[in-house]
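Trainee: Before anything else, here's the structure in question.
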Amino acid sequence: MSLSIVDKLKRRSASFIRVGQSPLSLEKPCLSLTIDDFPQNAWDNGRSILGDFGTKATFYVSGGFCNQVRLGLQQYNLKTLGEVHQAGHEIGCHTFDHYNACQVPLRRFLSSIERNAEFFKRHLPGVEIGSFAYPYGDMTALTKIALAKRFSSCRGAMHGINSNTAQAGNLLCVCLQLNDMWRYDLETT
Ligand SMILES: [Zn+2]
């Protein structure tokens with residue numbers, strides 16, 4: 001995926017605005033495991049591993065991927081989604097359409113979040129969706145500001161460890177993917 005110069009400028013502008021920046025006061029380090037999209041095998045292979053360690057993860061879900069095949073991988077289905085929730089894992093929003101925030105107007109991006117909320121309401125009634133992960137890790141200044149009103153945390157794809165302070169509007173992460181994200185970053189900055 002490539003971004004136009006304008007899209008890259010939008011993305012760059014987001015880095016100048018800090019949203020939800022606050023000091024961290026944890027008694028000890030903690031690890032948050034997050035899984036985006038998510039392919040069926042993430043649950044088939046991951047459920048027992050997470051269960052063995054008594055660990056909960058956050059699954060960032062795009063409703064539009066339900067029952068789809070993406071990048072050659074079968075994505076989750078409704079049964080899987082229910083199992084993930086029943087097992088006590090957190091369900092987070094990843095937009096319904098997996099939009100890149102830099103490539104669609106703000107209104108369209110926000111309506112995709114609304115559509116995802118409707119999807120959750122229909123298939124996981126009563127579930128609170130409090131966290132968000134940006135598809136492709138890309139955000140704009142406008143999406144950062146808008147989403148701060150809706151989600152308690154938003155995760156990007158910028159490499160790093162949240163220490164001393166954290167920006168709830170763009171939490172850092174360490175990507176375990178096979179370097180795809182690194183190639184992507186190098187291509188587009
Ligand atoms: Zn994604």
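Please note that chains go A, B, ... in the order of the structure tokens, that every chain numbers its residues from 1, and that ligands are numbered from 1 in the order shown.
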With the cut-off set at 6 Å and counting only C-alpha atoms and all ligand atoms, tabulate each residue of chain A with an atom at most that distance from an atom of ligand 1, showing the nearest atom pair and its distance in Å to one decimal, ordered by chain and increasing number, as a tab-separated table.
Mentor:
```
residue	atom	partner	partner_atom_place_in_ligand_line	distance
A:Asp36	CA	ligand 1	1 (Zn)	5.0
A:Asp37	CA	ligand 1	1 (Zn)	4.7
A:Pro135	CA	ligand 1	1 (Zn)	4.4
A:Tyr136	CA	ligand 1	1 (Zn)	5.9
```
Trainee: Just list as a PyMOL selection string whatever in range 129-174 of chain A DSSP marks as helix (DSSP H, G or I).
Mentor: chain A and resi 135-137+141-148
Trainee: Mind running range 15-86 of chain A against range 152-161 of chain A at 10 Å and telling me each contacting residue's nearest atom pair with the distance in Å (one decimal), counting only C-alpha atoms, chain and number ascending, as a Markdown table?
Mentor:
```
| residue | atom | partner | partner_atom | distance |
| --- | --- | --- | --- | --- |
| A:Val19 | CA | A:Cys154 | CA | 9.8 |
| A:Gly20 | CA | A:Ser153 | CA | 8.4 |
| A:Leu31 | CA | A:Ile161 | CA | 9.8 |
| A:Thr34 | CA | A:Arg155 | CA | 9.4 |
| A:Tyr60 | CA | A:Arg155 | CA | 10.0 |
```
Trainee: Write the selection just made, keeping C-alpha atoms, as a JSON list (two decimals), in the first residue's frame?
Mentor:
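In the end it all went to selection-v2.json:
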```
[["chain", "number", "residue", "atom", "x", "y", "z"],
["A", 19, "VAL", "CA", -3.51, 13.44, 22.65],
["A", 20, "GLY", "CA", -4.01, 11.96, 26.08],
["A", 31, "LEU", "CA", 2.57, -6.32, 28.82],
["A", 34, "THR", "CA", -3.00, -7.22, 20.94],
["A", 60, "TYR", "CA", -8.98, -5.52, 17.35]]
```
Trainee: Which parts of range 19-154 of chain A does DSSP call strand (DSSP E) when run on the backbone here, written out as a list in words?
Mentor: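 Here is the list: Gln21, Ser22, Pro23, Thr34, Ile35, Asp36, Asp37, Thr58, Phe59, Tyr60, Val61, Val69, Arg70, Leu73, Gln74, Glu90, Ile91, Gly92, Cys93, Ser131, Phe132, Ala133, Ser153 and Cys154 of chain A.
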Trainee: Can you work out which one of A:Arg70, A:Arg11, A:Arg107, A:Arg115 has the shortest atom-to-atom distance to Thr95 in chain A, counting only C-alpha atoms?
Mentor: A:Arg115
Trainee: Can you write out as a Markdown table which residues of range 95-145 of chain A fall within 10 Å of range 76-87 of chain A, alongside each residue's closest atom pair and its distance in Å to one decimal, counting only C-alpha atoms and ordering rows by chain and ascending residue number?
Mentor:
```
| residue | atom | partner | partner_atom | distance |
| --- | --- | --- | --- | --- |
| A:Phe120 | CA | A:Leu81 | CA | 9.8 |
| A:His123 | CA | A:Leu78 | CA | 7.4 |
| A:Leu124 | CA | A:Gly82 | CA | 7.1 |
| A:Val127 | CA | A:His85 | CA | 8.7 |
```
Trainee: If we count only C-alpha atoms and set the cut-off at 10 Å, which residues sit around range 45-52 of chain A, ignoring sequence neighbours fewer than 4 positions away in its own chain? Please answer as JSON, numbers by chain.
Mentor: {"A": [33, 35, 40, 41, 56, 57, 83, 84, 87, 89]}
Trainee: Just the selected residues (N, CA and C atoms), exported as a CSV table (one decimal), in the first residue's frame, please.
Mentor:
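The resulting file, result08.csv, is shown below:
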```csv
chain,number,residue,atom,x,y,z
A,33,LEU,N,-1.0,-7.7,25.2
A,33,LEU,CA,-1.0,-8.4,23.9
A,33,LEU,C,-2.2,-8.0,23.0
A,35,ILE,N,-4.0,-8.3,19.1
A,35,ILE,CA,-4.1,-9.0,17.8
A,35,ILE,C,-5.0,-8.3,16.9
A,40,GLN,N,-8.4,-16.4,11.5
A,40,GLN,CA,-9.0,-17.5,12.3
A,40,GLN,C,-7.8,-18.2,13.0
A,41,ASN,N,-6.7,-18.3,12.4
A,41,ASN,CA,-5.6,-19.1,13.0
A,41,ASN,C,-5.0,-18.4,14.2
A,56,LYS,N,-4.9,-12.7,29.1
A,56,LYS,CA,-5.9,-12.1,28.2
A,56,LYS,C,-5.3,-11.2,27.2
A,57,ALA,N,-5.9,-11.2,26.0
A,57,ALA,CA,-5.4,-10.3,24.9
A,57,ALA,C,-6.5,-9.4,24.5
A,83,GLU,N,-16.5,-16.8,20.9
A,83,GLU,CA,-15.6,-17.6,21.7
A,83,GLU,C,-14.5,-16.7,22.4
A,84,VAL,N,-14.0,-15.8,21.5
A,84,VAL,CA,-13.0,-14.9,22.1
A,84,VAL,C,-13.6,-14.0,23.2
A,87,ALA,N,-14.2,-16.1,26.3
A,87,ALA,CA,-13.0,-16.5,27.0
A,87,ALA,C,-12.4,-15.3,27.8
A,89,HIS,N,-11.4,-12.3,26.7
A,89,HIS,CA,-10.5,-11.3,26.0
A,89,HIS,C,-11.2,-10.1,25.6
```
Trainee: May I have the residues within 7 Å of Ala141 in chain A as a list in words, using only C-alpha atoms and disregarding those fewer than 5 positions away in the same chain?
Mentor: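 Using only C-alpha atoms, the neighbours found are Ser13, Ala14 and Ile17 of chain A.
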Trainee: Go through A:Lys149, A:Cys173, A:Pro39, A:Leu110 one by one, measure the shortest atom-to-atom distance of each to Leu71 in chain A using only C-alpha atoms, and give the residue with the smallest value.
Mentor: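 Once distances to Leu71 in chain A are computed over only C-alpha atoms, the minimum belongs to A:Pro39.
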